[in-house]
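Only one structure is covered here, and it is reproduced in the block below.
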Amino acid sequence: MIHLAVNIDHVATVRNARGGSHPDPIEAAKQSIHAGAVGIVCHLREDRRHIRDADVYALRRELNTKLDLEMAAHEEIIRIAEDVKPELVTIVPEKREELTTEGGLNIAADPSRYAELVQRMHALGIEVSFFIEPDSRQIETAQKIGADIIELHTGTYADAKGADAQIALESLILGGSIAVDHGLKVTAGHGLDYHNITPIKAIPGLVEVSIGHALISRALFTGIPRAVKDMIDMLV
Ligand code: PXP
């Protein structure tokens, strides 16, 4: 059984569109846990475009479950992580101009920087995951610098069609097997949805997937009939 961690960033995106407090990402997190998710993921971006500092603190306070704080290795955000103490931090690359995280982090380019980050987190009992491509150099580096988990970037697989999707899947499978050989826990995420999830289960060692956009998108449609009916009932 592969566990599901729910990313609630897009609930905050909708909330921020009106500047108020609804829909509440914390309520979305609670309902996700109630429905069987093992953890909640939120990405505190430097530009705070969706999740805000107060959300992260509220999640920490109100949820009695695994909190995975997705973040870039920027000092300001690292200090927030040290203060909040989530169970897990997932380190991702981040560009201000991107719509969403665009690919895996190149930890092999600067291993000592990320090793120091791992030490800071471990000193507080926080596990560290790196969001990387299924590339042997990146996986070996993750192991060398003391990472607990690697999250394999599934975006290339999710975007690919036909034979290209198969090639991307095989590369994820190979990456999973290298990670297992290096004693790392394996998770996966980005672009996973109800159509492309099943083949992903073949990744060796995969214990968890992190899914946001597809889940929140589907929730709109599974919830619309009830929302419309409730309002019509009030208009009678
Ligand atoms: N994992 C990581 C590291 C991500 O950056 C994201 C996007 O925030 C996800 C998983 C979830 O991706 P999606 O919203 O496409 O399901």
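In the structure tokens, the first chain shown is A, the next is B, and so on; residue numbers restart at 1 for each chain, and ligands run from 1 in the order shown.
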
What lies within 10 Å of Arg49 of chain A using only C-alpha atoms, ignoring chain neighbours under 3 positions off, as number ranges by chain?
A: 9-10, 12-13, 16, 43-46, 52, 96

Please, which residues in segment 139-185 of chain A fall within 8 Å of segment 98-107 of chain A when counting only C-alpha atoms, and what is the closest atom pair and distance in Å to one decimal for each, ordered by chain then residue number, as CSV?
```
residue,atom,partner,partner_atom,distance
A:Thr141,CA,A:Ile107,CA,6.9
A:Ala142,CA,A:Ile107,CA,7.3
A:Leu152,CA,A:Gly104,CA,7.7
A:His153,CA,A:Gly104,CA,5.8
A:Gly155,CA,A:Gly103,CA,7.1
```

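Between atom CA of Thr156 of chain A and atom CA of Met1 of chain A the interatomic distance comes to 23.8 Å.
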
Could I get the residues of chain A with an atom no further than 8 Å from an atom of ligand 1, each paired with its nearest atom pair and that distance in Å to one decimal, using only C-alpha atoms and all ligand atoms, sorted by chain and residue number, as JSON lines?
```
{"residue": "A:Asn7", "atom": "CA", "partner": "ligand 1", "partner_atom_place_in_ligand_line": "11 (C)", "distance": 6.1}
{"residue": "A:Asp9", "atom": "CA", "partner": "ligand 1", "partner_atom_place_in_ligand_line": "8 (O)", "distance": 7.1}
{"residue": "A:His10", "atom": "CA", "partner": "ligand 1", "partner_atom_place_in_ligand_line": "14 (O)", "distance": 7.9}
{"residue": "A:Cys42", "atom": "CA", "partner": "ligand 1", "partner_atom_place_in_ligand_line": "8 (O)", "distance": 7.5}
{"residue": "A:His43", "atom": "CA", "partner": "ligand 1", "partner_atom_place_in_ligand_line": "8 (O)", "distance": 6.3}
{"residue": "A:Glu70", "atom": "CA", "partner": "ligand 1", "partner_atom_place_in_ligand_line": "3 (C)", "distance": 6.6}
{"residue": "A:Thr90", "atom": "CA", "partner": "ligand 1", "partner_atom_place_in_ligand_line": "3 (C)", "distance": 6.7}
{"residue": "A:Ile91", "atom": "CA", "partner": "ligand 1", "partner_atom_place_in_ligand_line": "3 (C)", "distance": 7.5}
{"residue": "A:Val92", "atom": "CA", "partner": "ligand 1", "partner_atom_place_in_ligand_line": "3 (C)", "distance": 5.9}
{"residue": "A:Thr100", "atom": "CA", "partner": "ligand 1", "partner_atom_place_in_ligand_line": "7 (C)", "distance": 6.1}
{"residue": "A:Thr101", "atom": "CA", "partner": "ligand 1", "partner_atom_place_in_ligand_line": "5 (O)", "distance": 4.8}
{"residue": "A:Glu102", "atom": "CA", "partner": "ligand 1", "partner_atom_place_in_ligand_line": "5 (O)", "distance": 7.8}
{"residue": "A:Gly104", "atom": "CA", "partner": "ligand 1", "partner_atom_place_in_ligand_line": "3 (C)", "distance": 8.0}
{"residue": "A:Phe131", "atom": "CA", "partner": "ligand 1", "partner_atom_place_in_ligand_line": "3 (C)", "distance": 5.4}
{"residue": "A:Glu151", "atom": "CA", "partner": "ligand 1", "partner_atom_place_in_ligand_line": "3 (C)", "distance": 6.9}
{"residue": "A:His153", "atom": "CA", "partner": "ligand 1", "partner_atom_place_in_ligand_line": "3 (C)", "distance": 7.0}
{"residue": "A:Gly155", "atom": "CA", "partner": "ligand 1", "partner_atom_place_in_ligand_line": "15 (O)", "distance": 7.5}
{"residue": "A:Ala188", "atom": "CA", "partner": "ligand 1", "partner_atom_place_in_ligand_line": "1 (N)", "distance": 6.9}
{"residue": "A:Gly189", "atom": "CA", "partner": "ligand 1", "partner_atom_place_in_ligand_line": "10 (C)", "distance": 4.0}
{"residue": "A:His190", "atom": "CA", "partner": "ligand 1", "partner_atom_place_in_ligand_line": "12 (O)", "distance": 3.5}
{"residue": "A:Gly191", "atom": "CA", "partner": "ligand 1", "partner_atom_place_in_ligand_line": "15 (O)", "distance": 3.5}
{"residue": "A:Leu192", "atom": "CA", "partner": "ligand 1", "partner_atom_place_in_ligand_line": "16 (O)", "distance": 5.4}
{"residue": "A:Asp193", "atom": "CA", "partner": "ligand 1", "partner_atom_place_in_ligand_line": "16 (O)", "distance": 7.1}
{"residue": "A:Val209", "atom": "CA", "partner": "ligand 1", "partner_atom_place_in_ligand_line": "10 (C)", "distance": 7.7}
{"residue": "A:Ser210", "atom": "CA", "partner": "ligand 1", "partner_atom_place_in_ligand_line": "10 (C)", "distance": 4.8}
{"residue": "A:Ile211", "atom": "CA", "partner": "ligand 1", "partner_atom_place_in_ligand_line": "16 (O)", "distance": 3.6}
{"residue": "A:Gly212", "atom": "CA", "partner": "ligand 1", "partner_atom_place_in_ligand_line": "14 (O)", "distance": 3.6}
{"residue": "A:His213", "atom": "CA", "partner": "ligand 1", "partner_atom_place_in_ligand_line": "14 (O)", "distance": 3.8}
{"residue": "A:Ala214", "atom": "CA", "partner": "ligand 1", "partner_atom_place_in_ligand_line": "16 (O)", "distance": 5.8}
{"residue": "A:Leu215", "atom": "CA", "partner": "ligand 1", "partner_atom_place_in_ligand_line": "16 (O)", "distance": 7.3}
```

Prev. selection, N, CA, C and O atoms, output as a short mmCIF file (atom, residue, chain, number, x, y, z; two decimals), in the first residue's frame:
```
data_model
loop_
_atom_site.label_atom_id
_atom_site.label_comp_id
_atom_site.auth_asym_id
_atom_site.auth_seq_id
_atom_site.Cartn_x
_atom_site.Cartn_y
_atom_site.Cartn_z
N ASN A 7 -1.27 17.70 -0.84
CA ASN A 7 -0.75 19.06 -0.91
C ASN A 7 -1.93 20.03 -0.99
O ASN A 7 -2.78 19.92 -1.88
N ASP A 9 -1.81 23.43 -1.18
CA ASP A 9 -1.45 24.78 -1.68
C ASP A 9 -2.59 25.44 -2.44
O ASP A 9 -2.83 26.65 -2.30
N HIS A 10 -3.28 24.65 -3.27
CA HIS A 10 -4.26 25.28 -4.16
C HIS A 10 -5.56 25.67 -3.45
O HIS A 10 -6.33 26.47 -3.99
N CYS A 42 2.62 21.32 2.39
CA CYS A 42 2.38 22.68 1.93
C CYS A 42 3.72 23.30 1.56
O CYS A 42 4.75 22.97 2.14
N HIS A 43 3.69 24.13 0.55
CA HIS A 43 4.92 24.76 0.03
C HIS A 43 4.90 26.24 0.40
O HIS A 43 4.11 27.00 -0.15
N GLU A 70 7.28 21.84 2.33
CA GLU A 70 8.06 21.90 1.09
C GLU A 70 8.67 23.30 1.01
O GLU A 70 7.97 24.29 1.26
N THR A 90 10.76 18.99 2.68
CA THR A 90 11.13 18.55 1.33
C THR A 90 11.75 19.73 0.62
O THR A 90 11.11 20.79 0.46
N ILE A 91 13.00 19.56 0.22
CA ILE A 91 13.75 20.69 -0.37
C ILE A 91 13.59 20.65 -1.89
O ILE A 91 13.87 19.64 -2.54
N VAL A 92 13.12 21.78 -2.41
CA VAL A 92 12.81 21.87 -3.84
C VAL A 92 13.53 23.08 -4.43
O VAL A 92 13.89 24.02 -3.71
N THR A 100 4.76 26.51 -11.27
CA THR A 100 4.89 25.51 -10.21
C THR A 100 6.32 24.99 -10.28
O THR A 100 7.07 25.36 -11.19
N THR A 101 6.71 24.14 -9.32
CA THR A 101 8.08 23.61 -9.32
C THR A 101 8.35 22.91 -10.66
O THR A 101 7.57 22.07 -11.07
N GLU A 102 9.46 23.29 -11.31
CA GLU A 102 9.64 22.85 -12.69
C GLU A 102 10.51 21.62 -12.87
O GLU A 102 10.64 21.11 -13.97
N GLY A 104 13.54 18.65 -10.73
CA GLY A 104 14.23 18.27 -9.51
C GLY A 104 15.35 19.24 -9.16
O GLY A 104 15.84 20.00 -10.00
N PHE A 131 13.79 16.69 -3.42
CA PHE A 131 12.98 16.49 -4.62
C PHE A 131 13.94 16.49 -5.81
O PHE A 131 14.48 17.54 -6.17
N GLU A 151 12.31 12.37 -2.95
CA GLU A 151 11.04 12.43 -3.67
C GLU A 151 11.39 12.51 -5.15
O GLU A 151 12.01 13.49 -5.60
N HIS A 153 10.91 13.25 -8.92
CA HIS A 153 10.10 14.19 -9.71
C HIS A 153 9.38 13.42 -10.82
O HIS A 153 10.02 12.85 -11.70
N GLY A 155 7.10 14.83 -12.84
CA GLY A 155 6.52 15.77 -13.81
C GLY A 155 6.80 15.41 -15.26
O GLY A 155 5.93 15.55 -16.12
N ALA A 188 7.24 10.05 -4.33
CA ALA A 188 7.19 10.60 -5.70
C ALA A 188 6.10 11.65 -5.76
O ALA A 188 5.14 11.62 -4.99
N GLY A 189 6.26 12.58 -6.68
CA GLY A 189 5.22 13.58 -6.82
C GLY A 189 5.48 14.56 -7.94
O GLY A 189 6.60 14.67 -8.45
N HIS A 190 4.44 15.21 -8.31
CA HIS A 190 4.32 16.28 -9.31
C HIS A 190 3.58 15.78 -10.54
O HIS A 190 4.03 14.87 -11.22
N GLY A 191 2.43 16.37 -10.76
CA GLY A 191 1.65 16.06 -11.95
C GLY A 191 0.92 14.72 -11.89
O GLY A 191 0.34 14.29 -12.90
N LEU A 192 0.93 14.07 -10.75
CA LEU A 192 0.24 12.77 -10.68
C LEU A 192 -1.27 13.01 -10.63
O LEU A 192 -1.74 13.95 -9.98
N ASP A 193 -2.01 12.16 -11.35
CA ASP A 193 -3.47 12.33 -11.38
C ASP A 193 -4.16 10.97 -11.46
O ASP A 193 -3.50 9.93 -11.33
N VAL A 209 3.07 8.97 -2.17
CA VAL A 209 3.00 9.97 -3.24
C VAL A 209 2.45 11.26 -2.66
O VAL A 209 1.65 11.24 -1.71
N SER A 210 2.89 12.37 -3.25
CA SER A 210 2.44 13.69 -2.80
C SER A 210 1.65 14.30 -3.96
O SER A 210 2.19 14.49 -5.05
N ILE A 211 0.37 14.56 -3.72
CA ILE A 211 -0.50 15.01 -4.81
C ILE A 211 -1.30 16.23 -4.37
O ILE A 211 -1.86 16.26 -3.27
N GLY A 212 -1.34 17.22 -5.24
CA GLY A 212 -2.09 18.44 -4.94
C GLY A 212 -3.10 18.78 -6.00
O GLY A 212 -4.31 18.59 -5.84
N HIS A 213 -2.61 19.27 -7.14
CA HIS A 213 -3.48 19.89 -8.13
C HIS A 213 -4.62 18.97 -8.60
O HIS A 213 -5.78 19.39 -8.64
N ALA A 214 -4.29 17.72 -8.90
CA ALA A 214 -5.33 16.81 -9.43
C ALA A 214 -6.40 16.53 -8.37
O ALA A 214 -7.59 16.42 -8.69
N LEU A 215 -5.95 16.44 -7.13
CA LEU A 215 -6.90 16.15 -6.04
C LEU A 215 -7.86 17.32 -5.80
O LEU A 215 -9.07 17.14 -5.67
#
```

Give me, as a Markdown table, the closest atom pair and its distance (Å, one decimal) for every residue of segment 89-147 of chain A within a cut-off of 12 Å of segment 163-180 of chain A, counting only C-alpha atoms, rows sorted by chain and rising number.
```
| residue | atom | partner | partner_atom | distance |
| --- | --- | --- | --- | --- |
| A:Phe130 | CA | A:Ala179 | CA | 11.9 |
| A:Ile132 | CA | A:Gly175 | CA | 9.9 |
| A:Glu133 | CA | A:Gly175 | CA | 8.1 |
| A:Pro134 | CA | A:Gly175 | CA | 4.4 |
| A:Asp135 | CA | A:Gly175 | CA | 6.2 |
| A:Ser136 | CA | A:Gly175 | CA | 6.7 |
| A:Arg137 | CA | A:Ile178 | CA | 10.1 |
| A:Gln138 | CA | A:Gly175 | CA | 9.6 |
| A:Ile139 | CA | A:Ala179 | CA | 6.1 |
| A:Glu140 | CA | A:Ala179 | CA | 7.8 |
| A:Thr141 | CA | A:Ala179 | CA | 10.5 |
| A:Ala142 | CA | A:Ala179 | CA | 9.0 |
| A:Gln143 | CA | A:Ala179 | CA | 8.2 |
| A:Lys144 | CA | A:Ala179 | CA | 11.7 |
| A:Ala147 | CA | A:Ala179 | CA | 10.9 |
```

Considering only strand (DSSP E or B) as DSSP defines it on the backbone, what residues of segment 45-233 of chain A qualify? List them as an MDAnalysis selection string.
chainID A and resid 66:71 88:91 127:132 149:153 185:189 206:211

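Comparing the minimum interatomic distances between Gly39 of chain A and each of A:Glu208, A:Gly183, A:Glu116, A:Glu94, counting only C-alpha atoms, we find that A:Glu208 sits nearest.
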
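The space between atom CA of Met71 of chain A and atom CA of Val89 of chain A spans 7.0 Å.
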
Taking only segment 4-55 of chain A into account, list the residues labelled alpha helix (DSSP H) by DSSP (computed from the backbone), as a ChimeraX atom specification.
/A:9-18,25-34,53-55

Extract, using only C-alpha atoms, all DNA, RNA and protein residues at most 10 Å from Asn196 of chain A, discarding same-chain residues fewer than 6 positions from it, and format them as a PyMOL selection string.
chain A and resi 157-159+165

Take the residues from that selection and put them in a file with N, CA, C and O atoms, as a PDB file, in the first residue's frame.
```pdb
ATOM      1  N   TYR A 157       7.333  12.420 -16.512  1.00  0.00           N
ATOM      2  CA  TYR A 157       6.449  11.273 -16.805  1.00  0.00           C
ATOM      3  C   TYR A 157       5.010  11.751 -17.008  1.00  0.00           C
ATOM      4  O   TYR A 157       4.335  11.356 -17.967  1.00  0.00           O
ATOM      5  N   ALA A 158       4.549  12.623 -16.129  1.00  0.00           N
ATOM      6  CA  ALA A 158       3.154  13.074 -16.193  1.00  0.00           C
ATOM      7  C   ALA A 158       2.867  13.853 -17.480  1.00  0.00           C
ATOM      8  O   ALA A 158       1.769  13.759 -18.041  1.00  0.00           O
ATOM      9  N   ASP A 159       3.853  14.605 -17.950  1.00  0.00           N
ATOM     10  CA  ASP A 159       3.654  15.429 -19.154  1.00  0.00           C
ATOM     11  C   ASP A 159       3.849  14.640 -20.445  1.00  0.00           C
ATOM     12  O   ASP A 159       3.417  15.088 -21.507  1.00  0.00           O
ATOM     13  N   ALA A 165       6.257   8.483 -22.320  1.00  0.00           N
ATOM     14  CA  ALA A 165       5.792   8.249 -20.944  1.00  0.00           C
ATOM     15  C   ALA A 165       6.390   6.947 -20.417  1.00  0.00           C
ATOM     16  O   ALA A 165       6.785   6.861 -19.246  1.00  0.00           O
TER      17      ALA A 165
END
```

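When only C-alpha atoms are used to compute distances to Asp47 of chain A, the closest of the residues A:Glu97, A:Asp24, A:Glu75, A:Glu62 turns out to be A:Glu97.
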
Option closest in space to Leu63 of chain A, from A:Ile26, A:Val84, A:Ala109, A:Val41 [counting only C-alpha atoms]:
A:Ile26

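Minimum distance to Gly36 of chain A across A:Ala5, A:Ile149, A:Ala58, A:Ile126 (counting only C-alpha atoms) occurs at A:Ala5.
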
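Computed from the coordinates, the atom CA of Leu69 of chain A to atom CA of Phe221 of chain A distance equals 27.4 Å.
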